[in-house]
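Student: This is data_17.txt (compact mmCIF, C-alpha atoms and all ligand atoms).
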# COMPACT_ATOMS: atom_id res chain seq x y z
CA MET E 86 -19.49 -8.39 30.70
CA PRO E 87 -21.78 -6.36 28.39
CA ASP E 88 -23.66 -7.96 25.51
CA VAL E 89 -21.88 -7.17 22.27
CA ASP E 90 -23.79 -6.32 19.10
CA LEU E 91 -21.35 -6.87 16.23
CA THR E 92 -23.49 -5.12 13.60
CA VAL E 93 -21.70 -2.31 11.76
CA GLN E 94 -23.08 0.50 9.63
CA LEU E 95 -20.86 1.55 6.73
CA GLY E 96 -22.73 4.54 5.28
CA PRO E 97 -25.69 2.98 3.49
CA LEU E 98 -24.44 -0.58 4.07
CA THR E 99 -25.29 -2.65 7.14
CA LEU E 100 -23.07 -5.66 7.96
CA LYS E 101 -23.76 -8.32 10.59
CA ASN E 102 -20.14 -8.06 11.73
CA PRO E 103 -17.03 -6.13 10.63
CA VAL E 104 -15.06 -9.01 9.00
CA MET E 105 -14.91 -9.88 5.30
CA PRO E 106 -12.46 -11.36 2.79
CA ALA E 107 -10.25 -9.05 0.70
CA SER E 108 -11.18 -9.25 -2.98
CA GLY E 109 -9.32 -11.91 -4.94
CA THR E 110 -8.09 -13.88 -1.96
CA PHE E 111 -11.11 -15.97 -1.04
CA GLU E 112 -12.88 -17.71 -3.86
CA TYR E 113 -16.28 -19.20 -3.27
CA SER E 114 -16.27 -22.98 -3.68
CA GLU E 115 -18.09 -26.03 -2.41
CA GLU E 116 -15.03 -26.86 -0.24
CA GLN E 117 -15.18 -23.43 1.40
CA ARG E 118 -18.83 -24.02 2.03
CA GLU E 119 -18.14 -27.35 3.70
CA LEU E 120 -15.23 -25.94 5.70
CA PHE E 121 -17.23 -23.26 7.46
CA ASP E 122 -20.49 -21.41 7.53
CA LEU E 123 -19.92 -18.55 5.09
CA ALA E 124 -23.00 -16.82 6.49
CA ARG E 125 -20.88 -15.95 9.55
CA LEU E 126 -18.89 -13.47 7.47
CA GLY E 127 -19.82 -9.79 7.74
CA ALA E 128 -19.78 -9.75 3.94
CA MET E 129 -18.64 -11.86 1.03
CA VAL E 130 -16.39 -9.98 -1.39
CA ALA E 131 -16.00 -11.35 -4.90
CA LYS E 132 -12.82 -11.23 -6.99
CA SER E 133 -12.63 -8.25 -9.35
CA VAL E 134 -14.71 -8.81 -12.47
CA THR E 135 -14.08 -7.09 -15.82
CA LEU E 136 -16.33 -6.55 -18.84
CA LYS E 137 -14.69 -9.17 -21.05
CA ARG E 138 -12.93 -12.43 -20.31
CA ARG E 139 -9.21 -11.92 -19.66
CA PRO E 140 -6.50 -14.45 -18.87
CA GLY E 141 -4.36 -12.51 -16.37
CA ASN E 142 -0.56 -12.38 -16.29
CA PRO E 143 2.04 -15.00 -17.32
CA ALA E 144 3.38 -17.42 -14.65
CA PRO E 145 4.99 -17.40 -12.15
CA ARG E 146 2.32 -15.26 -10.53
CA LEU E 147 3.00 -15.77 -6.83
CA HIS E 148 6.23 -15.56 -4.82
CA GLU E 149 6.59 -15.73 -1.07
CA VAL E 150 8.93 -13.15 0.48
CA THR E 151 9.86 -12.27 4.05
CA ALA E 152 6.62 -11.59 5.93
CA GLY E 153 4.55 -11.37 2.79
CA LEU E 154 3.50 -12.51 -0.64
CA LEU E 155 4.20 -10.96 -4.03
CA ASN E 156 1.40 -11.53 -6.53
CA ALA E 157 1.16 -10.62 -10.17
CA VAL E 158 -2.09 -12.41 -10.89
CA GLY E 159 -3.22 -9.54 -13.14
CA ILE E 160 -7.00 -9.77 -12.66
CA PRO E 161 -7.93 -12.89 -14.61
CA SER E 162 -11.70 -12.71 -15.12
CA GLU E 163 -14.37 -14.78 -16.82
CA GLY E 164 -16.10 -11.51 -17.76
CA ILE E 165 -19.31 -9.92 -16.54
CA HIS E 166 -21.71 -12.15 -18.50
CA HIS E 167 -20.26 -15.32 -16.95
CA PHE E 168 -20.27 -13.59 -13.57
CA ILE E 169 -23.96 -12.70 -13.83
CA GLU E 170 -25.00 -16.10 -15.15
CA VAL E 171 -22.81 -18.46 -13.09
CA THR E 172 -20.91 -16.80 -10.23
CA LEU E 173 -23.57 -14.41 -8.95
CA PRO E 174 -26.31 -17.04 -8.41
CA ALA E 175 -23.82 -19.12 -6.35
CA LEU E 176 -22.63 -16.13 -4.29
CA ALA E 177 -26.22 -15.00 -3.73
CA GLN E 178 -26.87 -18.29 -1.90
CA ILE E 179 -24.63 -17.15 0.95
CA ASP E 180 -26.75 -15.55 3.63
CA THR E 181 -24.65 -12.40 4.03
CA THR E 182 -24.01 -9.04 2.36
CA LEU E 183 -22.45 -9.42 -1.09
CA ILE E 184 -19.87 -6.91 -2.31
CA VAL E 185 -18.82 -7.21 -5.95
CA SER E 186 -15.43 -5.85 -6.95
CA ILE E 187 -15.24 -4.42 -10.45
CA ALA E 188 -12.25 -3.49 -12.60
CA GLY E 189 -11.60 -2.24 -16.11
CA ASP E 190 -9.12 -0.86 -18.60
CA SER E 191 -11.00 2.41 -19.05
CA VAL E 192 -13.41 4.71 -17.23
CA GLU E 193 -16.14 3.56 -19.64
CA GLU E 194 -15.49 -0.11 -18.82
CA PHE E 195 -15.96 0.55 -15.08
CA ALA E 196 -19.21 2.41 -15.85
CA THR E 197 -20.50 -0.33 -18.15
CA VAL E 198 -19.83 -3.12 -15.64
CA ALA E 199 -21.49 -1.05 -12.91
CA ARG E 200 -24.53 -0.46 -15.12
CA MET E 201 -24.81 -4.16 -15.92
CA LEU E 202 -24.83 -5.06 -12.25
CA ASP E 203 -27.37 -2.44 -11.22
CA PRO E 204 -30.43 -4.63 -11.96
CA TYR E 205 -29.08 -7.20 -9.48
CA ARG E 206 -29.30 -4.90 -6.48
CA GLY E 207 -31.40 -7.45 -4.63
CA GLN E 208 -28.40 -9.80 -4.64
CA VAL E 209 -25.50 -7.34 -4.83
CA SER E 210 -25.27 -4.93 -1.87
CA ALA E 211 -22.36 -2.74 -2.99
CA LEU E 212 -19.72 -2.31 -5.69
CA GLU E 213 -16.05 -2.08 -4.78
CA LEU E 214 -13.93 -0.34 -7.42
CA ASN E 215 -10.52 -1.95 -7.86
CA LEU E 216 -8.81 1.29 -8.83
CA SER E 217 -5.33 -0.25 -8.67
CA CYS E 218 -5.63 -1.81 -12.10
CA PRO E 219 -3.85 0.12 -14.87
CA ASN E 220 -5.72 2.33 -17.29
CA LEU E 221 -4.80 1.24 -20.82
CA THR E 222 -4.96 4.70 -22.40
CA HIS E 223 -2.95 6.52 -19.74
CA GLY E 224 -0.77 3.57 -18.69
CA VAL E 225 -1.08 4.35 -14.97
CA PRO E 226 -3.41 2.86 -12.36
CA PHE E 227 -6.68 4.75 -11.84
CA ALA E 228 -5.92 5.06 -8.13
CA THR E 229 -2.63 6.89 -8.65
CA ASP E 230 -3.89 9.65 -10.93
CA GLU E 231 -6.18 12.31 -9.44
CA LYS E 232 -8.12 13.03 -12.65
CA LEU E 233 -8.60 9.37 -13.52
CA MET E 234 -9.70 8.51 -10.00
CA ARG E 235 -12.27 11.31 -10.00
CA ALA E 236 -13.54 10.48 -13.49
CA THR E 237 -13.92 6.78 -12.67
CA VAL E 238 -15.79 7.23 -9.41
CA GLU E 239 -18.03 9.89 -10.99
CA ALA E 240 -18.80 7.67 -13.99
CA VAL E 241 -19.69 4.72 -11.76
CA ARG E 242 -21.78 7.01 -9.53
CA GLU E 243 -23.84 7.98 -12.58
CA SER E 244 -24.20 4.33 -13.63
CA THR E 245 -25.41 2.70 -10.44
CA THR E 246 -27.72 3.18 -7.51
CA LEU E 247 -25.63 0.74 -5.44
CA PRO E 248 -23.32 1.97 -2.68
CA ILE E 249 -19.77 2.53 -4.00
CA ILE E 250 -16.62 1.46 -2.20
CA ALA E 251 -13.48 3.07 -3.66
CA LYS E 252 -10.47 0.81 -3.06
CA LEU E 253 -7.34 2.89 -2.74
CA SER E 254 -3.80 2.07 -3.73
CA PRO E 255 -0.96 2.74 -1.29
CA ASN E 256 1.34 3.52 -4.24
CA VAL E 257 0.73 7.27 -4.02
CA THR E 258 2.41 10.17 -2.26
CA ASP E 259 -0.72 11.54 -0.59
CA ILE E 260 -3.32 8.88 0.25
CA VAL E 261 -5.51 11.36 2.17
CA LYS E 262 -5.85 13.52 -0.94
CA MET E 263 -6.86 10.48 -3.04
CA ALA E 264 -9.44 9.44 -0.43
CA GLY E 265 -10.87 12.98 -0.44
CA ILE E 266 -11.19 12.90 -4.24
CA ALA E 267 -12.98 9.53 -4.10
CA ARG E 268 -15.41 10.93 -1.55
CA GLU E 269 -16.09 14.12 -3.55
CA ALA E 270 -16.66 12.04 -6.67
CA GLY E 271 -19.39 10.04 -4.96
CA ALA E 272 -17.84 7.12 -3.06
CA ASP E 273 -19.84 6.06 0.01
CA ILE E 274 -17.04 4.03 1.59
CA ILE E 275 -13.25 3.78 1.22
CA SER E 276 -11.40 0.47 1.31
CA MET E 277 -7.66 0.50 1.81
CA ILE E 278 -5.07 -0.66 1.10
CA ASN E 279 -4.43 -2.62 -2.06
CA THR E 280 -0.97 -4.15 -2.50
CA LEU E 281 2.35 -2.24 -2.55
CA ILE E 282 4.33 -2.63 -5.75
CA GLY E 283 7.45 -4.77 -5.30
CA MET E 284 9.67 -7.32 -6.99
CA ALA E 285 12.08 -10.21 -6.39
CA ILE E 286 15.11 -11.37 -8.39
CA ASP E 287 16.42 -14.94 -8.64
CA VAL E 288 20.19 -14.67 -8.13
CA GLU E 289 20.86 -17.95 -9.99
CA THR E 290 18.96 -17.09 -13.18
CA ARG E 291 19.70 -13.39 -12.59
CA ARG E 292 16.15 -12.63 -13.73
CA PRO E 293 13.04 -11.25 -12.04
CA VAL E 294 11.10 -14.06 -10.37
CA LEU E 295 7.60 -13.00 -11.45
CA GLY E 296 6.45 -13.44 -15.03
CA ASN E 297 5.20 -9.84 -14.90
CA VAL E 298 8.54 -8.63 -13.36
CA VAL E 299 6.74 -6.55 -10.68
CA GLY E 300 3.89 -7.57 -8.41
CA GLY E 301 1.82 -6.50 -5.44
CA LEU E 302 3.13 -7.10 -1.93
CA SER E 303 0.61 -8.14 0.72
CA GLY E 304 0.69 -9.83 4.12
CA PRO E 305 2.22 -8.83 7.49
CA ALA E 306 5.01 -6.85 5.76
CA ILE E 307 2.52 -4.14 4.71
CA LYS E 308 0.54 -3.91 7.95
CA PRO E 309 2.37 -0.87 9.42
CA VAL E 310 1.95 1.01 6.13
CA ALA E 311 -1.77 0.20 5.97
CA LEU E 312 -2.29 1.23 9.59
CA ARG E 313 -0.54 4.55 9.10
CA MET E 314 -2.58 5.31 5.99
CA ILE E 315 -5.87 4.48 7.73
CA TRP E 316 -4.82 6.54 10.76
CA GLU E 317 -4.23 9.57 8.51
CA THR E 318 -7.23 9.10 6.23
CA SER E 319 -9.83 8.47 8.92
CA GLN E 320 -8.97 11.77 10.60
CA SER E 321 -9.53 13.76 7.41
CA VAL E 322 -12.19 12.05 5.32
CA ASP E 323 -15.65 11.59 6.82
CA ILE E 324 -16.80 8.37 5.15
CA PRO E 325 -16.29 4.90 6.64
CA ILE E 326 -13.16 2.88 5.92
CA ILE E 327 -12.79 -0.86 5.37
CA GLY E 328 -9.20 -1.53 6.46
CA MET E 329 -6.93 -4.25 5.12
CA GLY E 330 -3.28 -5.07 4.59
CA GLY E 331 -1.58 -7.78 6.62
CA ILE E 332 -4.36 -8.60 9.05
CA SER E 333 -3.60 -12.10 10.39
CA ASN E 334 -5.52 -12.30 13.65
CA ALA E 335 -8.07 -10.52 15.85
CA ARG E 336 -5.48 -8.27 17.50
CA ASP E 337 -4.38 -7.00 14.08
CA ALA E 338 -8.03 -6.36 13.17
CA ILE E 339 -8.58 -4.44 16.42
CA GLU E 340 -5.48 -2.31 15.70
CA PHE E 341 -7.02 -1.36 12.35
CA MET E 342 -10.29 -0.40 14.03
CA LEU E 343 -8.49 1.66 16.67
CA ALA E 344 -6.66 3.42 13.81
CA GLY E 345 -10.00 4.36 12.21
CA ALA E 346 -11.34 1.43 10.17
CA SER E 347 -15.03 0.66 10.70
CA ALA E 348 -14.63 -2.85 9.25
CA VAL E 349 -11.74 -5.05 8.14
CA ALA E 350 -10.87 -7.35 5.26
CA VAL E 351 -8.53 -10.33 5.40
CA GLY E 352 -6.40 -11.36 2.41
CA VAL E 353 -3.44 -13.73 2.35
CA ALA E 354 -3.86 -14.81 5.99
CA SER E 355 -6.73 -17.03 4.75
CA PHE E 356 -4.22 -18.94 2.55
CA ARG E 357 -2.44 -20.17 5.67
CA ASN E 358 -5.50 -20.59 7.83
CA PRO E 359 -8.81 -20.79 5.96
CA LEU E 360 -10.71 -20.38 9.22
CA VAL E 361 -8.91 -17.20 10.27
CA MET E 362 -11.80 -14.85 9.44
CA LEU E 363 -14.13 -16.67 11.83
CA GLU E 364 -11.45 -16.61 14.53
CA ILE E 365 -11.21 -12.85 13.96
CA VAL E 366 -14.99 -12.38 14.34
CA ASP E 367 -14.86 -14.29 17.65
CA GLY E 368 -11.70 -12.47 18.78
CA ILE E 369 -13.22 -9.03 18.13
CA GLU E 370 -16.31 -10.01 20.08
CA SER E 371 -14.35 -11.20 23.11
CA TYR E 372 -12.07 -8.14 23.02
CA LEU E 373 -15.09 -5.80 22.99
CA ALA E 374 -16.83 -7.72 25.78
CA GLY E 375 -13.65 -7.99 27.84
CA HIS E 376 -12.97 -4.25 27.59
CA GLY E 377 -16.51 -3.10 28.31
CA PHE E 378 -17.54 -2.09 24.77
CA GLY E 379 -20.99 -2.87 23.37
CA SER E 380 -20.28 -2.56 19.66
CA PRO E 381 -17.39 -2.29 17.17
CA LYS E 382 -18.15 1.37 16.37
CA GLU E 383 -17.18 2.33 19.92
CA ILE E 384 -13.52 1.57 19.20
CA VAL E 385 -13.26 3.02 15.68
CA GLY E 386 -10.53 5.67 15.69
CA LEU E 387 -10.09 5.48 19.47
CA ALA E 388 -6.29 5.51 19.09
CA TRP E 389 -6.48 9.10 17.79
CA LYS E 390 -9.70 10.20 19.48
CA GLU E 391 -8.29 9.41 22.94
CA ARG E 392 -5.13 11.38 22.15
CA MET E 393 -7.27 14.46 21.59
CA VAL E 394 -8.97 14.52 25.00
C1 LIG A 401 -3.53 -13.45 -4.96
C2 LIG A 401 -4.15 -12.10 -4.75
C3 LIG A 401 -5.16 -11.66 -5.60
C4 LIG A 401 -5.77 -10.41 -5.41
N1 LIG A 401 -6.77 -10.01 -6.25
C5 LIG A 401 -7.39 -8.82 -6.05
C6 LIG A 401 -8.50 -8.44 -6.85
O1 LIG A 401 -8.96 -9.17 -7.74
N2 LIG A 401 -9.06 -7.22 -6.60
C7 LIG A 401 -8.62 -6.38 -5.61
O2 LIG A 401 -9.18 -5.29 -5.43
N3 LIG A 401 -7.58 -6.74 -4.81
C8 LIG A 401 -6.97 -7.94 -5.00
N4 LIG A 401 -5.94 -8.31 -4.18
C9 LIG A 401 -5.53 -7.41 -3.07
C10 LIG A 401 -6.23 -7.80 -1.76
O3 LIG A 401 -7.63 -7.67 -1.88
C11 LIG A 401 -5.74 -6.93 -0.57
O4 LIG A 401 -6.00 -5.57 -0.83
C12 LIG A 401 -4.24 -7.10 -0.31
O5 LIG A 401 -3.84 -8.44 -0.52
C13 LIG A 401 -3.84 -6.66 1.11
O6 LIG A 401 -4.42 -7.48 2.09
P1 LIG A 401 -3.62 -8.72 2.80
O7 LIG A 401 -2.28 -8.20 3.19
O8 LIG A 401 -4.49 -9.14 3.95
O9 LIG A 401 -3.51 -9.80 1.76
C14 LIG A 401 -5.33 -9.56 -4.35
C15 LIG A 401 -4.30 -10.01 -3.49
C16 LIG A 401 -3.73 -11.27 -3.66
C17 LIG A 401 -2.65 -11.71 -2.71
Could I get this file's structure written as C-alpha cells?
Ligand SMILES: Cc1cc2nc3c(=O)[nH]c(=O)nc-3n(C[C@H](O)[C@H](O)[C@H](O)COP(=O)(O)O)c2cc1C

Tutor:
Amino acid sequence: MPDVDLTVQLGPLTLKNPVMPASGTFEYSEEQRELFDLARLGAMVAKSVTLKRRPGNPAPRLHEVTAGLLNAVGIPSEGIHHFIEVTLPALAQIDTTLIVSIAGDSVEEFATVARMLDPYRGQVSALELNLSCPNLTHGVPFATDEKLMRATVEAVRESTTLPIIAKLSPNVTDIVKMAGIAREAGADIISMINTLIGMAIDVETRRPVLGNVVGGLSGPAIKPVALRMIWETSQSVDIPIIGMGGISNARDAIEFMLAGASAVAVGVASFRNPLVMLEIVDGIESYLAGHGFGSPKEIVGLAWKERMV
C-alpha cells in the first residue's frame, strides 16, 4: 500500500487533511477538547460572526425530519468585538488552520467585519462568507441575488488580505452561475452547500413547527442535491470547492471528492456522533491507501474526469 499524504491545497490555503466542521455545527468548548484532539481536524471553522450582538430567531429553532434536520437558528452572534476578545484567543489555541465565517445584514457590514479581522491574519487563515443570510435592504439572501453576491464578495476582497471562501446557497436556479460570479468577484475558494429552505407543520396545532416558520434543511436528505451541485460547479469553475451537505461517514466524503470537492465539511452528523470527523479522516486515508492513491487531490473530480477519457 502506498504512503498517503493527506495534505490538501485549496488555492492559497494549505490544510493538513481535507476534513473540517461546517460553520455553526461544531462549537469549540472544553468538552470538545477533552473528547478528541481538535488538532487532528484539517481546519476549525467558527460559527458565523456578525458586527453587532444579535439574539437569533424565536424558539423552536430545531426540528428533526425524515433524514434531516430543519434549523431556524438565525445566526445568533455575540458580535465581532466579543469574538476578537474572547472566542478568537480560544480558537487560536487549536493547532490547525482557522477559518472564520462572517455574516451581515448589508454589504458594508460584511466589509467592516472582514476589515476588523484582517489584523489577526496570524491566527485567522481564511474568511468564509455566509452569503445565505438575508440582506436587510433588499430582503433576499446575498447568495440568491447576482448583484448582491458580486458586490459583497468584491467589498470583502477590498477589505481583507485573507483568502476568501464564498459559501453558496442551494436555493438558486443556477448554482454554477453564482459560483462563477463569486470567483470573478475575488473568491479564492467556494464552499457549498448551505441549507435548503424547508418547513414543517404540526397537524395538532395546525401551525408551523418552527418559530421562524421556515428553516434550513440539512443532513442526509440534502446529500444528493449537494453532490449534483458540486458535480456541475467543479466542471465549470476553476477554484477549489469545500463540499458539504449530508456527509455522515467517510464514504459520503469520498463521494463528494469524486464529484469535485477538494475538501469536505461535516455538519449535523457531528450531533449524533461527535467523533465522526476523525472517523472520516481515517476512512479517507484507508480508502486512498487501499485504492492505490497517494493523496486526496488524486481523486478530486475523478467521477467526471474518468467519464471523459
Ligand atoms: C444548527 C445549525 C447551525 C448552522 N449555522 C450556520 C452558520 O452559522 N453559518 C453557516 O454558514 N452555516 C451554518 N449552518 C449550515 C451548515 O454549515 C451546513 O452548510 C449545512 O448544515 C449542510 O451540512 P450538513 O448537512 O452536514 O449539516 C448551520 C447548520 C445547522 C444545522

Student: Find the nearest atom pair between each residue of chain E and ligand LIG 401 (chain A) for residues within 6 Å, count only C-alpha atoms and all ligand atoms, give distances in Å to one decimal, sort rows by chain and ascending number, and present the table as a Markdown table.

Tutor:
| residue | atom | partner | partner_atom | distance |
| --- | --- | --- | --- | --- |
| E:Ala107 | CA | A:LIG401 | O3 | 3.9 |
| E:Ser108 | CA | A:LIG401 | O3 | 4.0 |
| E:Gly109 | CA | A:LIG401 | N1 | 3.4 |
| E:Thr110 | CA | A:LIG401 | C2 | 5.1 |
| E:Lys132 | CA | A:LIG401 | O1 | 4.4 |
| E:Ser133 | CA | A:LIG401 | O1 | 4.1 |
| E:Asn156 | CA | A:LIG401 | C1 | 5.5 |
| E:Ile160 | CA | A:LIG401 | O1 | 5.3 |
| E:Asn215 | CA | A:LIG401 | O2 | 4.3 |
| E:Ile278 | CA | A:LIG401 | O4 | 5.4 |
| E:Asn279 | CA | A:LIG401 | O4 | 3.6 |
| E:Thr280 | CA | A:LIG401 | C12 | 4.9 |
| E:Ser303 | CA | A:LIG401 | O7 | 3.8 |
| E:Gly304 | CA | A:LIG401 | O7 | 3.5 |
| E:Met329 | CA | A:LIG401 | O6 | 5.1 |
| E:Gly330 | CA | A:LIG401 | O7 | 3.6 |
| E:Gly331 | CA | A:LIG401 | O7 | 3.5 |
| E:Ile332 | CA | A:LIG401 | O8 | 5.1 |
| E:Val351 | CA | A:LIG401 | O8 | 4.5 |
| E:Gly352 | CA | A:LIG401 | O8 | 3.3 |
| E:Val353 | CA | A:LIG401 | O9 | 4.0 |

Student: Tell me, as a count of residues only, which residues lie within 10 Å of Glu370 of chain E, counting only C-alpha atoms; anything in the same chain fewer than 2 positions away does not count.

Tutor: 19

Student: What gap, in Å, lies between atom CA of Ser244 of chain E and atom CA of Arg200 of chain E?

Tutor: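 Separation between atom CA of Ser244 of chain E and atom CA of Arg200 of chain E: 5.0 Å.
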
Student: What does the distance from atom CA of Val257 of chain E to atom CA of Met342 of chain E come to in Å, to one decimal?

Tutor: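 Distance reported for this atom pair: 22.5 Å.
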
Student: With only C-alpha atoms counted, which protein, DNA or RNA residues have an atom no more than 12 Å from (-5.9, 6.6, 8.1) in the file frame? Please answer as number ranges by chain.

Tutor: E: 253, 255, 259-265, 275-278, 309-329, 340-347, 385-386, 388-389

Student: For the residues in the current selection, export C-alpha atoms as an mmCIF file, in the coordinates of the input.

Tutor:
data_model
loop_
_atom_site.group_PDB
_atom_site.id
_atom_site.type_symbol
_atom_site.label_atom_id
_atom_site.label_comp_id
_atom_site.auth_asym_id
_atom_site.auth_seq_id
_atom_site.Cartn_x
_atom_site.Cartn_y
_atom_site.Cartn_z
ATOM 1 C CA LEU E 253 -7.340 2.890 -2.740
ATOM 2 C CA PRO E 255 -0.960 2.740 -1.290
ATOM 3 C CA ASP E 259 -0.720 11.540 -0.590
ATOM 4 C CA ILE E 260 -3.320 8.880 0.250
ATOM 5 C CA VAL E 261 -5.510 11.360 2.170
ATOM 6 C CA LYS E 262 -5.850 13.520 -0.940
ATOM 7 C CA MET E 263 -6.860 10.480 -3.040
ATOM 8 C CA ALA E 264 -9.440 9.440 -0.430
ATOM 9 C CA GLY E 265 -10.870 12.980 -0.440
ATOM 10 C CA ILE E 275 -13.250 3.780 1.220
ATOM 11 C CA SER E 276 -11.400 0.470 1.310
ATOM 12 C CA MET E 277 -7.660 0.500 1.810
ATOM 13 C CA ILE E 278 -5.070 -0.660 1.100
ATOM 14 C CA PRO E 309 2.370 -0.870 9.420
ATOM 15 C CA VAL E 310 1.950 1.010 6.130
ATOM 16 C CA ALA E 311 -1.770 0.200 5.970
ATOM 17 C CA LEU E 312 -2.290 1.230 9.590
ATOM 18 C CA ARG E 313 -0.540 4.550 9.100
ATOM 19 C CA MET E 314 -2.580 5.310 5.990
ATOM 20 C CA ILE E 315 -5.870 4.480 7.730
ATOM 21 C CA TRP E 316 -4.820 6.540 10.760
ATOM 22 C CA GLU E 317 -4.230 9.570 8.510
ATOM 23 C CA THR E 318 -7.230 9.100 6.230
ATOM 24 C CA SER E 319 -9.830 8.470 8.920
ATOM 25 C CA GLN E 320 -8.970 11.770 10.600
ATOM 26 C CA SER E 321 -9.530 13.760 7.410
ATOM 27 C CA VAL E 322 -12.190 12.050 5.320
ATOM 28 C CA ASP E 323 -15.650 11.590 6.820
ATOM 29 C CA ILE E 324 -16.800 8.370 5.150
ATOM 30 C CA PRO E 325 -16.290 4.900 6.640
ATOM 31 C CA ILE E 326 -13.160 2.880 5.920
ATOM 32 C CA ILE E 327 -12.790 -0.860 5.370
ATOM 33 C CA GLY E 328 -9.200 -1.530 6.460
ATOM 34 C CA MET E 329 -6.930 -4.250 5.120
ATOM 35 C CA GLU E 340 -5.480 -2.310 15.700
ATOM 36 C CA PHE E 341 -7.020 -1.360 12.350
ATOM 37 C CA MET E 342 -10.290 -0.400 14.030
ATOM 38 C CA LEU E 343 -8.490 1.660 16.670
ATOM 39 C CA ALA E 344 -6.660 3.420 13.810
ATOM 40 C CA GLY E 345 -10.000 4.360 12.210
ATOM 41 C CA ALA E 346 -11.340 1.430 10.170
ATOM 42 C CA SER E 347 -15.030 0.660 10.700
ATOM 43 C CA VAL E 385 -13.260 3.020 15.680
ATOM 44 C CA GLY E 386 -10.530 5.670 15.690
ATOM 45 C CA ALA E 388 -6.290 5.510 19.090
ATOM 46 C CA TRP E 389 -6.480 9.100 17.790
#

Student: Separation of atom CA of Thr258 of chain E and atom CA of Pro226 of chain E, in Å?

Tutor: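 Computing the Euclidean distance for atom CA of Thr258 of chain E and atom CA of Pro226 of chain E yields 13.8 Å.
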
Student: Hey, which of E:Leu212, E:Val198, E:Leu100, E:Leu176 ends up closest to Glu115 of chain E? Count only C-alpha atoms.

Tutor: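 Of E:Leu212, E:Val198, E:Leu100, E:Leu176, the one nearest Glu115 of chain E, counting only C-alpha atoms, is E:Leu176.
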
Student: In terms of the shortest atom-to-atom distance over only C-alpha atoms, which of E:Gln117, E:Thr92, E:Thr99, E:Thr246 is closest to Leu360 of chain E?

Tutor: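 Comparing E:Gln117, E:Thr92, E:Thr99, E:Thr246 against Leu360 of chain E, the winner is E:Gln117.
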
Student: May I have the centre and edge lengths, in Å to one decimal, of an axis-aligned box around the listed atoms of segment 96-103 of chain E with 5 Å added to every side, as AutoDock Vina command-line options?

Tutor:
--center_x -21.4 --center_y -1.9 --center_z 7.6 --size_x 18.7 --size_y 22.9 --size_z 18.2

Student: Find, counting only C-alpha atoms, the residue in E:Val298, E:Val241, E:Leu154, E:Val134 that gets nearest to Ala199 of chain E.

Tutor: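 Ranked by minimum distance to Ala199 of chain E, first place goes to E:Val241.
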
Student: I want to know what sits within 12 Å of Met201 of chain E, based on all atoms listed in the file, with residues of the same chain fewer than 4 positions away left out; could you give that as a ChimeraX atom specification?

Tutor: /E:134-136,164-166,168-170,187,194-197,205-206,209,212,241,244-247

Student: Between E:Ala188, E:Gln94, E:Gln178, E:Val225, single out the one closest to Ser114 of chain E, counting only C-alpha atoms.

Tutor: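 Checking each candidate against Ser114 of chain E, we get E:Gln178 as the closest.
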
Student: Give as a ChimeraX atom specification each residue that has an atom at most 10 Å from (-14.9, -17.3, -17.8) in the file, counting only C-alpha atoms.

Tutor: /E:137-140,161-168,171-172

Student: Nearest to Ile339 of chain E: which of E:Gly189, E:Gly153, E:Gly224, E:Pro103 is it, counting all atoms listed in the file?

Tutor: E:Pro103

Student: Restore N, CA, C and O atoms in segment 236-244 of chain E and list the result as a short mmCIF file (atom, residue, chain, number, x, y, z; two decimals), in the frame of the given file.

Tutor:
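The resulting file, rebuild18.cif, is reproduced below:
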data_model
loop_
_atom_site.label_atom_id
_atom_site.label_comp_id
_atom_site.auth_asym_id
_atom_site.auth_seq_id
_atom_site.Cartn_x
_atom_site.Cartn_y
_atom_site.Cartn_z
N ALA E 236 -12.69 10.81 -12.34
CA ALA E 236 -13.54 10.48 -13.49
C ALA E 236 -14.17 9.09 -13.32
O ALA E 236 -15.33 8.88 -13.65
N THR E 237 -13.40 8.15 -12.80
CA THR E 237 -13.92 6.78 -12.67
C THR E 237 -15.02 6.71 -11.62
O THR E 237 -16.08 6.14 -11.86
N VAL E 238 -14.77 7.29 -10.46
CA VAL E 238 -15.79 7.23 -9.41
C VAL E 238 -17.05 7.97 -9.85
O VAL E 238 -18.16 7.49 -9.67
N GLU E 239 -16.86 9.13 -10.51
CA GLU E 239 -18.03 9.89 -10.99
C GLU E 239 -18.83 9.08 -12.01
O GLU E 239 -20.05 9.02 -11.96
N ALA E 240 -18.11 8.44 -12.93
CA ALA E 240 -18.80 7.67 -13.99
C ALA E 240 -19.57 6.50 -13.38
O ALA E 240 -20.69 6.19 -13.79
N VAL E 241 -18.98 5.85 -12.40
CA VAL E 241 -19.69 4.72 -11.76
C VAL E 241 -20.88 5.27 -10.97
O VAL E 241 -21.97 4.68 -10.98
N ARG E 242 -20.68 6.41 -10.31
CA ARG E 242 -21.78 7.01 -9.53
C ARG E 242 -23.00 7.26 -10.42
O ARG E 242 -24.14 7.03 -10.02
N GLU E 243 -22.74 7.70 -11.65
CA GLU E 243 -23.84 7.98 -12.58
C GLU E 243 -24.46 6.71 -13.14
O GLU E 243 -25.54 6.74 -13.71
N SER E 244 -23.75 5.58 -12.98
CA SER E 244 -24.20 4.33 -13.63
C SER E 244 -24.87 3.37 -12.67
O SER E 244 -25.33 2.30 -13.09
#
